[in-house]
Structures are given as structure tokens and as C-alpha cells.
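Asks: I'd like to ask some things about the structure below.
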Amino acid sequence: MWGGFYEDGTLIWRSRWTTGSGIVECREALAFPGDPRRAVLLRRIVAVEGPADLTVRLEPHADFGAHPSQRTRRDEDGTWSGHGGALRWRWSGAAAARPSRHPRHSTGLAMDLHLEPGDRRDLVLELSEEPLPEKPDAPRAWSATEAAWRRETPALDAGLAPGDARHAYTVLRGLTGSTGGMVGAATTSLPERSEAGRNYDYRYVWIRDQCYAGQAVAAAGPHPLLDDAVRFVAARLHEHGPRTAPAYTVTGGRVPDQRTLGLSGYPGGYDRVGNRVNRQFQLDVFGEALLLFAAAHRHGRLDADGWRAAGIAADAIARRRHEPDAGIWELDDREWTHSFVLLRGRAALP
């Protein structure tokens, strides 16, 4: 039997397996603070009670499986590395691994791992499109990640459910990039309902959702995620004015067109990347932006750049308030009640 949970105030996932011979735990985390040029996945396996025998597999395939790993090699210190398309990878802590063979080609690496009671094994996987820097030290990377979460996650202990509030904050923080943009999700093509044809790519920053998140954080205090939301939304308004889009990439770029990949997708769904929101106009985002800026102002967190962005949003409302839009649910262009109600945001700033 198995189970798992996030450690309080972090996105460190702890899994536990109870077997016939003992108990095995596995901690997993993305190294934090993150590097926009390199993803570092930390995994620590511990034999909590009794011995543990496990098989560990790694099969790196880039570009949604289109490019299997090539030039796989093992260095003198037991570190494995290779390429898959434009993606470079490196796996340390798995010196005993060996290539997994297919009748015609190698498919990845596999390792049989035996741990005595109390033993632990650190595995570190790095992914990048650039040459990889010096290999990270696993214990130091774990310590840095734990310390970073302690710094980033506020106590939020004034409410009725501080644990839930902290977890919500850590999820929002984990979805927020260095630009301040918060993606809707880290995944694509997860079906909303089996066999209903409703699955989308949410790996983008919806201005409306960013404003909601900022306002929710503001209700608990002037925490950094409020500043991130204001920074990202203000930058898009300064850049695009009344043509501000409903959603952007995490770097502020255009969301790519929606397409399929020729893959089977999750059971009950199918593959889909990109999002048709890139061709829509959603009037309410300007009202949502004003409500976000008002929340920041109440905490004294709206600077001159934010005030100018508020003026841009108000001007956009004056120019486009009579245009039909796709609305909050991204349907056909009409005069949606929700969009017009949000225009009251014009009066939100003193």
C-alpha cells in the first residue's frame, strides 16, 4: 500500500510504500529557488523500516516523446548524461544503472537498488537546453530547497485554517515564474470529464486568474505574490494597452495556436497544446486589473508604474466597453453580464 503528502509550507512531496518486508519513503522536489534555464529534480529514497529492494527507471524523451535520448554515456564518477532533441539531461546518484534494451534500440536506464534499514539514496536529474553547469551536491540542494520554502511561505496563522492557507500559497508560488507570471497549471491535456472532449493546455498565465490570485493574497497581507501579480499585469498593460490579451506565456509572450500532437493522451482525453484564447478579446480583464491594483494600493504596494497601468486599464475600458467579448468562460462574442459588472473596477481606485 502507498500514500503521500506535501510537507507543510512546501512543494516537497513525500511518498511512503508499505511492503511485506518494510517501509520505504521517497522525497521529491524541484530544486528551489528555480533556474529558468535548468530544471533540477531531487529524489531521496529512504528505507525507513526493514530492507528495501527497488527498480529505478529513467527514460528521457524530449518534445512530447518525439526525441528519445541519444549519446547516452556514463562518466568516471558514475554520472549518466545524454541528449534528446534540443534537451540535455544528466542523472547522478545512479552509478549502477544500465541501458534498458529494446530489440532495435536503447530506451533508457534501469537500476536495481537494495537498501538496508536506515540507508538512503539521493538521485538528481537535471534538464536543460544549454550546457549543464557544475553538478549540484544533493545534500546542499535539499538544504537550499528547504530553506527557500521557509523564506517564501508566510505563516498565515491568523485564519481558521492556517495549514490550508499555507498550502494554497505554496501552490500559487510554485506556479509563479521569475517574471511574476502565474500559470493556470503545470500540465496539459488532462480531461475535465472522461470522453467529453474537454481538455486544454493551461500552461499559460490568464490575466484574470493572476488578478484573482493577487487579490486573494492581498486579503491575507502584502505578501510577495501580490507584488508579482501587479508586476506581471502592469507590464502587459504597458506593452499592449487596450489590446491586452486574456492570456500570455510565463515570459509575457503570445500563447501559441492550439494543435494536437498525434499522441493518445490521458485515458478519456486526447493530446492538445496551445490555446485558442490567443485569438479572443475578454473585456473583464481590465476591470479585474483595476481591482488588483486597488488591493495593492490598500497595502501601499502600488508604485508609479502601477498607477500608470491603472490609467491604461481605465482608458481601455472607455475605448472598448461597447464591444462584444468572449466572456469569462471563453464562449461566443456577446455582451456578457460578468464583463460589464467588472467594469465597476474603474471606481475601485481612489
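Labels used: A, B, ... for chains in the order of the C-alpha cells, numbers from 1 for residues in each chain, and numbers from 1 for ligands as shown.
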Give me the range 83-157 of chain A side of the contact with range 60-63 of chain A, cut-off 10 Å, one line per residue showing its nearest atom pair and distance in Å at one decimal, counting only C-alpha atoms, sorted by chain and residue number, as JSON lines.
Replies:
{"residue": "A:His83", "atom": "CA", "partner": "A:Pro60", "partner_atom": "CA", "distance": 8.6}
{"residue": "A:Gly84", "atom": "CA", "partner": "A:Ala62", "partner_atom": "CA", "distance": 5.3}
{"residue": "A:Gly85", "atom": "CA", "partner": "A:Ala62", "partner_atom": "CA", "distance": 6.1}
{"residue": "A:Ala86", "atom": "CA", "partner": "A:Ala62", "partner_atom": "CA", "distance": 7.7}
{"residue": "A:Leu87", "atom": "CA", "partner": "A:Ala62", "partner_atom": "CA", "distance": 6.3}
{"residue": "A:Arg88", "atom": "CA", "partner": "A:Ala62", "partner_atom": "CA", "distance": 9.1}
{"residue": "A:Trp89", "atom": "CA", "partner": "A:Pro60", "partner_atom": "CA", "distance": 7.8}
{"residue": "A:Arg90", "atom": "CA", "partner": "A:Pro60", "partner_atom": "CA", "distance": 10.0}
{"residue": "A:Thr107", "atom": "CA", "partner": "A:Pro60", "partner_atom": "CA", "distance": 8.5}
{"residue": "A:Gly108", "atom": "CA", "partner": "A:Pro60", "partner_atom": "CA", "distance": 6.8}
{"residue": "A:Leu109", "atom": "CA", "partner": "A:Pro60", "partner_atom": "CA", "distance": 9.0}
{"residue": "A:Leu127", "atom": "CA", "partner": "A:Pro60", "partner_atom": "CA", "distance": 9.5}
Asks: Which residues are near Pro256 in chain A? Cut-off 10 Å, only C-alpha atoms, ignore same chain within fewer than 4 positions. Put them as a VMD selection string.
Replies: chain A and resid 204 248 to 249 273 to 279
Asks: If we count only C-alpha atoms, what is near range 239-242 of chain A at a cut-off of 8 Å, once residues fewer than 5 positions away on the same chain are taken out, given as a ChimeraX atom specification?
Replies: /A:312-313,315-317,319-320
Asks: As a PyMOL selection string, please: the residues near Gly265 in chain A (cut-off 12 Å, only C-alpha atoms, same-chain neighbours under 5 positions excluded).
Replies: chain A and resi 64-65+187-191+194-195+197+199-200+260+270-273
Asks: Excluding range 139-151 of chain A and its own-chain neighbours fewer than 6 positions away, which residues fall within 8 Å of it when counting only C-alpha atoms? Please give them as a PyMOL selection string.
Replies: chain A and resi 9-10+31-33+42
Asks: Generate a file of the selected residues that holds N, CA, C and O atoms, formatted as a PDB file, in the first residue's frame.
Replies:
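result32.pdb, freshly written:
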ATOM      1  N   GLY A   9       3.921  23.822   4.134  1.00  0.00           N
ATOM      2  CA  GLY A   9       4.547  25.044   3.665  1.00  0.00           C
ATOM      3  C   GLY A   9       5.538  24.851   2.537  1.00  0.00           C
ATOM      4  O   GLY A   9       6.354  25.743   2.280  1.00  0.00           O
ATOM      5  N   THR A  10       5.494  23.713   1.849  1.00  0.00           N
ATOM      6  CA  THR A  10       6.438  23.429   0.774  1.00  0.00           C
ATOM      7  C   THR A  10       5.726  22.685  -0.353  1.00  0.00           C
ATOM      8  O   THR A  10       4.590  22.228  -0.205  1.00  0.00           O
ATOM      9  N   ALA A  31      14.338  21.579  -7.312  1.00  0.00           N
ATOM     10  CA  ALA A  31      15.251  22.433  -6.553  1.00  0.00           C
ATOM     11  C   ALA A  31      14.725  23.863  -6.564  1.00  0.00           C
ATOM     12  O   ALA A  31      14.289  24.384  -7.586  1.00  0.00           O
ATOM     13  N   PHE A  32      14.766  24.496  -5.414  1.00  0.00           N
ATOM     14  CA  PHE A  32      14.187  25.822  -5.218  1.00  0.00           C
ATOM     15  C   PHE A  32      15.185  26.680  -4.454  1.00  0.00           C
ATOM     16  O   PHE A  32      15.785  26.180  -3.502  1.00  0.00           O
ATOM     17  N   PRO A  33      15.439  27.924  -4.858  1.00  0.00           N
ATOM     18  CA  PRO A  33      14.843  28.657  -5.971  1.00  0.00           C
ATOM     19  C   PRO A  33      15.194  28.031  -7.312  1.00  0.00           C
ATOM     20  O   PRO A  33      16.258  27.432  -7.485  1.00  0.00           O
ATOM     21  N   LEU A  42      15.011  16.640  -7.525  1.00  0.00           N
ATOM     22  CA  LEU A  42      15.656  15.937  -6.414  1.00  0.00           C
ATOM     23  C   LEU A  42      14.779  14.774  -5.974  1.00  0.00           C
ATOM     24  O   LEU A  42      13.560  14.922  -5.822  1.00  0.00           O
TER      25      LEU A  42
END
Asks: Would you list, as a PyMOL selection string, the residues of range 88-206 of chain A that end up in strand (DSSP E) under DSSP run on this structure's backbone?
Replies: chain A and resi 88-92+98-101+106-115+120-128+188-191+199-201+205-206
Asks: When you count only C-alpha atoms, which of these residues is closest to Gly34 in chain A: A:Leu175, A:Val255, A:Ala295, A:Leu115?
Replies: A:Leu175
Asks: Just the alpha helix (DSSP H) stuff from range 30-255 of chain A, please, per backbone DSSP, written as number ranges by chain.
Replies: A: 138-152, 162-174, 207-220, 224-240
Asks: Compile the contact shell of Val171 in chain A as a list of chain:residue names: residues with an atom at most 12 Å away, counting only C-alpha atoms, same-chain residues fewer than 6 positions apart removed.
Replies: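 My reading of the contact set: A:Tyr6, A:Asp8, A:Gly9, A:Thr10, A:Leu11, A:Ile12, A:Trp149, A:Glu152, A:Thr153, A:Asp164, A:Ala165, A:Met182, A:Val183, A:Gly184, A:Ala185, A:Ala186, A:Ala213, A:Leu225.
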Asks: Would you compute the distance between CA of Ser92 in chain A and CA of Pro51 in chain A? Give it in Å to one decimal.
Replies: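 If I compute the distance from CA of Ser92 in chain A to CA of Pro51 in chain A, I get 22.6 Å.
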Asks: Let me make sure I understand: among A:Pro267, A:Val46, A:His223, A:Arg243, which one has the smallest atom-to-atom distance to Gly118 in chain A if we use only C-alpha atoms?
Replies: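 Checking each candidate against Gly118 in chain A, we get A:Val46 as the closest.
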Asks: Restricting the calculation to only C-alpha atoms, which member of A:Asp137, A:Asp284, A:Glu192, A:Asp77 is positioned closest to Asp209 in chain A?
Replies: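 Under the stated criterion, the closest residue is A:Asp284.
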Asks: What does the distance from CA of Leu123 in chain A to CA of Tyr169 in chain A come to in Å, to one decimal?
Replies: 27.7 Å
Asks: Using only C-alpha atoms, which of the listed residues (A:Glu330, A:Asp228, A:Glu288, A:Glu335) sits closest to Ala314 in chain A?
Replies: A:Glu288
Asks: With distances taken over only C-alpha atoms, which of A:Val250, A:Leu125, A:Leu30, A:Val24 is nearest to Gly174 in chain A?
Replies: A:Leu30
Asks: Do you know which residues are at most 9 Å from Arg120 in chain A counting only C-alpha atoms, after dropping those on the same chain fewer than 3 positions away, and could you put them as a list of chain:residue names?
Replies: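 That gives A:Arg44, A:Ile45, A:Val46, A:Ala47, A:Val48, A:Leu115, A:Glu116, A:Pro117.
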Asks: So which one's closest to Val341 in chain A, A:Ala310, A:Leu283, A:His167, A:Arg101? Using only C-alpha atoms, please.
Replies: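 Looking at the shortest contact to Val341 in chain A, the residue is A:Leu283.
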Asks: For CA of Pro68 in chain A and CA of Arg37 in chain A, quote the distance in Å rounded to one decimal.
Replies: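 Interatomic distance, CA of Pro68 in chain A to CA of Arg37 in chain A: 20.7 Å.
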